[in-house]
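Engineer: To start, I am sharing the structure in question, which I have written as structure tokens.
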Amino acid sequence: MRDRKQVESIRKPRSRKTATPEPRFDLGRDSDAAPLTRASLRELLEELNGDNALSNGELFSYDSLDRVQTFISLVAGRKPATLDEPVPTGHLKAIKLLLRTSRREKKQLFTLIDPLGSSARATMEQCSITTTPRDPEGARIISKLARALANEIDPVKLRLLDDMASAGDQLTFAEGLNRRIEHVNDATLVLFKRGLSSEDQLIEVYDKISINIRSLSVATPKSEPAVAEAIYCHLKTLGLQHFIAEHRDRFESNSHIHGVLPCDELIASFCKYLTKKAGWLICPDTKIVSVRECQLFMESLQLRLNKLVTGATGWKTVKTRHMKNIGLSQFILRAHAYRSYDETDPDAKCISVVDMVAALCAFAYGQKSRADKELEPPYWPGQESQGKDPEQLLRKGLRDDRPYQYQAAFQFYYYKFSEYRAALTHTTGSYRAWMRFQMARLDVYEKLLKLNDISAIVKGSRQFDELCLHGARNTLDQLSRRAM
């Protein structure tokens, strides 16, 4: 016979712990069904409050979602949902991700990721622009958010967007996409320079194609992208949007120099000296030294180069200052080799006499013209004051322990270098027309990126690049027929 305890244990079910319901609104869960299934903000709040998300014991309320919904409205075009309104679960997952991230991180999330034109201020120092960010914590937050949102997006679409920038592991998305834009710009430059020899003709074709580009309109997609996709696109392209916006603001100020004094005879005399020394003809634009050997070459000729800089600018530079400028100029000359010739081999001969003189003139300008008045101090959310002296900012970026390069300082010197180079070669008009063409292209790309729709961005950018190259060929054909 069974004893009484055994009988009681059969009759009474054992008490079980209540199972915690699995979260419904985590990214990556049932992603395929997310566009088809709907739920309400009330259900999302129940899940959030069940997770005890607030450390102070308070519960999330509808008002707690206000900032997140405002951000989604700006980025994805969705008006804030009411408490019991059925919305796609993917939308609710994005709200939960952003809300939890904003509560968990020390940084002000929306100050970091808000779209330009709302509360955000354009800055070339935005953390997702460069491979070595000035704000590593901000870059980490944006990257983590993008990875989470990617779980809700078709992998084929993700590959399309990545392939568009061809960034790989060595470049950020912003750097990769900017490089793609510059490659098309360079292809247009080569096309025009091969087909045209006159400065006036170059100005005409650049300005004509720039006007045509600015007349283009960007078509809005017929259907809105999913919220997760829209936010993902926004985060991936935000760095380049910041870069374009501040580049536009700085375009006019970066294009100003005090002019170049007549110095063709001085440069010709210097080239004659080099020709005699080398035993082969050297002209002002002959590529004579590599990036690796450039500094030693310039130091060995520092007296003659100093005389050229004085002849071009009218400013005298003491020897110690001039030698420092030779060292600083190497950073600009390396960038010139890569940007102008796509040259990464440090032993390839790609630097000319004009390049060296222009780089030194850029630094002489910085020292003689109160350049700090032209340059706004670097800005990023949560920054400490960095000062506004462009040379000091450039030097900070050359330190091994902090390799971040301040973009605004680099742009300041690089565009002064480009202006001096154009003036020394008597091509200022075509150079500035070329810059207007590049800015017109960036303006269209900015509009494309703000669509926050992967298919629309990829298709639109491909069509736009083809249209620019086709337009350049047509413009050349028209000039040829006119000349006949």
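In the structure tokens, each chain is lettered A, B, ... as it comes, each chain's residues begin at 1, and ligands are numbered from 1 in order of appearance.
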With only C-alpha atoms counted and 12 Å as the cut-off, give the residues of region 132-217 of chain A in contact with region 339-357 of chain A, each with its shortest interatomic distance in Å and the pair that gives it, as CSV.
Structural biologist:
```
residue,atom,partner,partner_atom,distance
A:Asn178,CA,A:Arg339,CA,11.3
A:Arg179,CA,A:Arg339,CA,9.0
A:Arg180,CA,A:Arg339,CA,11.8
A:Ile181,CA,A:Arg339,CA,11.9
A:Glu182,CA,A:Arg339,CA,8.4
A:His183,CA,A:Asp342,CA,9.1
A:Asn185,CA,A:Ser340,CA,10.8
A:Asp186,CA,A:Ser340,CA,8.1
A:Ala187,CA,A:Ser340,CA,11.2
A:Leu189,CA,A:Ser340,CA,10.4
A:Val190,CA,A:Ser340,CA,10.8
```
Engineer: Among the residues of region 76-298 of chain A, find those DSSP assigns to strand (DSSP E or B) from the backbone and print them as a PDB file with C-alpha atoms, in the first residue's frame.
Structural biologist:
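What landed in out-v1.pdb:
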```pdb
ATOM      1  CA  VAL A  87       1.815  49.167 -36.616  1.00  0.00           C
ATOM      2  CA  PRO A  88       4.291  46.680 -38.178  1.00  0.00           C
ATOM      3  CA  LEU A 116      20.886  67.332 -40.336  1.00  0.00           C
ATOM      4  CA  ALA A 120      22.068  68.323 -35.529  1.00  0.00           C
ATOM      5  CA  VAL A 289      60.267  62.758 -56.852  1.00  0.00           C
ATOM      6  CA  SER A 290      58.335  60.152 -54.895  1.00  0.00           C
TER       7      SER A 290
END
```
Engineer: Which of region 89-263 of chain A counts as helix (DSSP H, G or I) under DSSP, as an NGL selection string please?
Structural biologist: :A and (89-104 or 109-113 or 136-150 or 155-165 or 173-195 or 199-214 or 227-254)
Engineer: Name all residues at most 12 Å from Ile142 (chain A) (count only C-alpha atoms; drop same-chain ones fewer than 4 positions away) and give them as a PyMOL selection string.
Structural biologist: chain A and resi 98+101-102+105+107+109-114+126-129+133+135-138+146-149+231-239
Engineer: Which residues are close to region 58-68 of chain A, i.e. within 12 Å by only C-alpha atoms, leaving aside same-chain residues fewer than 3 positions away? Reply as a VMD selection string.
Structural biologist: chain A and resid 40 to 55 71 to 76 78 to 84 91 to 103 108 to 111 113 to 114 231
Engineer: Using Å and a single decimal, report how far CA of Glu224 (chain A) sits from CA of Lys459 (chain A).
Structural biologist: 15.5 Å
Engineer: As a JSON list (two decimals) with N, CA and C atoms, in the first residue's frame, please: the residues near Leu161 (chain A) (cut-off 8 Å, only C-alpha atoms, same-chain neighbours under 4 positions excluded).
Structural biologist:
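Below is the file that was written, around.json:
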```json
[["chain", "number", "residue", "atom", "x", "y", "z"],
["A", 157, "LYS", "N", 19.97, 43.09, -50.01],
["A", 157, "LYS", "CA", 19.96, 44.56, -49.98],
["A", 157, "LYS", "C", 21.19, 45.10, -49.26],
["A", 165, "ALA", "N", 29.59, 51.25, -51.99],
["A", 165, "ALA", "CA", 30.72, 52.01, -51.44],
["A", 165, "ALA", "C", 32.04, 51.30, -51.63],
["A", 454, "ILE", "N", 17.40, 51.63, -49.57],
["A", 454, "ILE", "CA", 18.58, 51.01, -50.19],
["A", 454, "ILE", "C", 18.44, 50.90, -51.70],
["A", 458, "VAL", "N", 20.89, 52.93, -54.34],
["A", 458, "VAL", "CA", 21.79, 52.20, -55.23],
["A", 458, "VAL", "C", 21.44, 52.46, -56.69]]
```
Engineer: Could you tell me how far CA of Lys144 (chain A) lies from CA of Arg159 (chain A), in Å and to one decimal?
Structural biologist: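 So the answer is 17.8 Å.
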Engineer: Using only C-alpha atoms, find the one residue out of A:Asn212, A:Ser418, A:Thr70, A:Gln302 that sits nearest to Arg441 (chain A).
Structural biologist: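 Residue with the minimum atom-to-atom distance to Arg441 (chain A): A:Asn212.
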Engineer: Between region 437-458 of chain A and region 216-221 of chain A, at 10 Å or less, what are the per-residue closest atom pairs and their distances in Å? Count only C-alpha atoms, order by chain and rising residue number, and return it as JSON lines.
Structural biologist:
```
{"residue": "A:Val444", "atom": "CA", "partner": "A:Val218", "partner_atom": "CA", "distance": 7.7}
{"residue": "A:Tyr445", "atom": "CA", "partner": "A:Val218", "partner_atom": "CA", "distance": 9.4}
{"residue": "A:Lys447", "atom": "CA", "partner": "A:Val218", "partner_atom": "CA", "distance": 6.8}
{"residue": "A:Leu448", "atom": "CA", "partner": "A:Val218", "partner_atom": "CA", "distance": 6.7}
{"residue": "A:Leu451", "atom": "CA", "partner": "A:Thr220", "partner_atom": "CA", "distance": 7.1}
{"residue": "A:Asn452", "atom": "CA", "partner": "A:Pro221", "partner_atom": "CA", "distance": 9.9}
{"residue": "A:Asp453", "atom": "CA", "partner": "A:Pro221", "partner_atom": "CA", "distance": 7.9}
{"residue": "A:Ser455", "atom": "CA", "partner": "A:Pro221", "partner_atom": "CA", "distance": 9.0}
{"residue": "A:Ala456", "atom": "CA", "partner": "A:Pro221", "partner_atom": "CA", "distance": 6.6}
{"residue": "A:Ile457", "atom": "CA", "partner": "A:Pro221", "partner_atom": "CA", "distance": 9.8}
```
Engineer: I need the chosen residues saved as a PDB file, in the first residue's frame, with C-alpha atoms.
Structural biologist:
```
ATOM      1  CA  VAL A 444      22.724  65.410 -55.697  1.00  0.00           C
ATOM      2  CA  TYR A 445      24.301  62.578 -53.706  1.00  0.00           C
ATOM      3  CA  LYS A 447      19.546  64.188 -51.809  1.00  0.00           C
ATOM      4  CA  LEU A 448      19.887  60.518 -52.797  1.00  0.00           C
ATOM      5  CA  LEU A 451      15.896  58.875 -49.333  1.00  0.00           C
ATOM      6  CA  ASN A 452      16.946  56.245 -46.736  1.00  0.00           C
ATOM      7  CA  ASP A 453      15.883  53.487 -49.141  1.00  0.00           C
ATOM      8  CA  SER A 455      17.144  50.176 -53.619  1.00  0.00           C
ATOM      9  CA  ALA A 456      16.478  53.833 -54.442  1.00  0.00           C
ATOM     10  CA  ILE A 457      19.961  54.930 -53.316  1.00  0.00           C
TER      11      ILE A 457
END
```
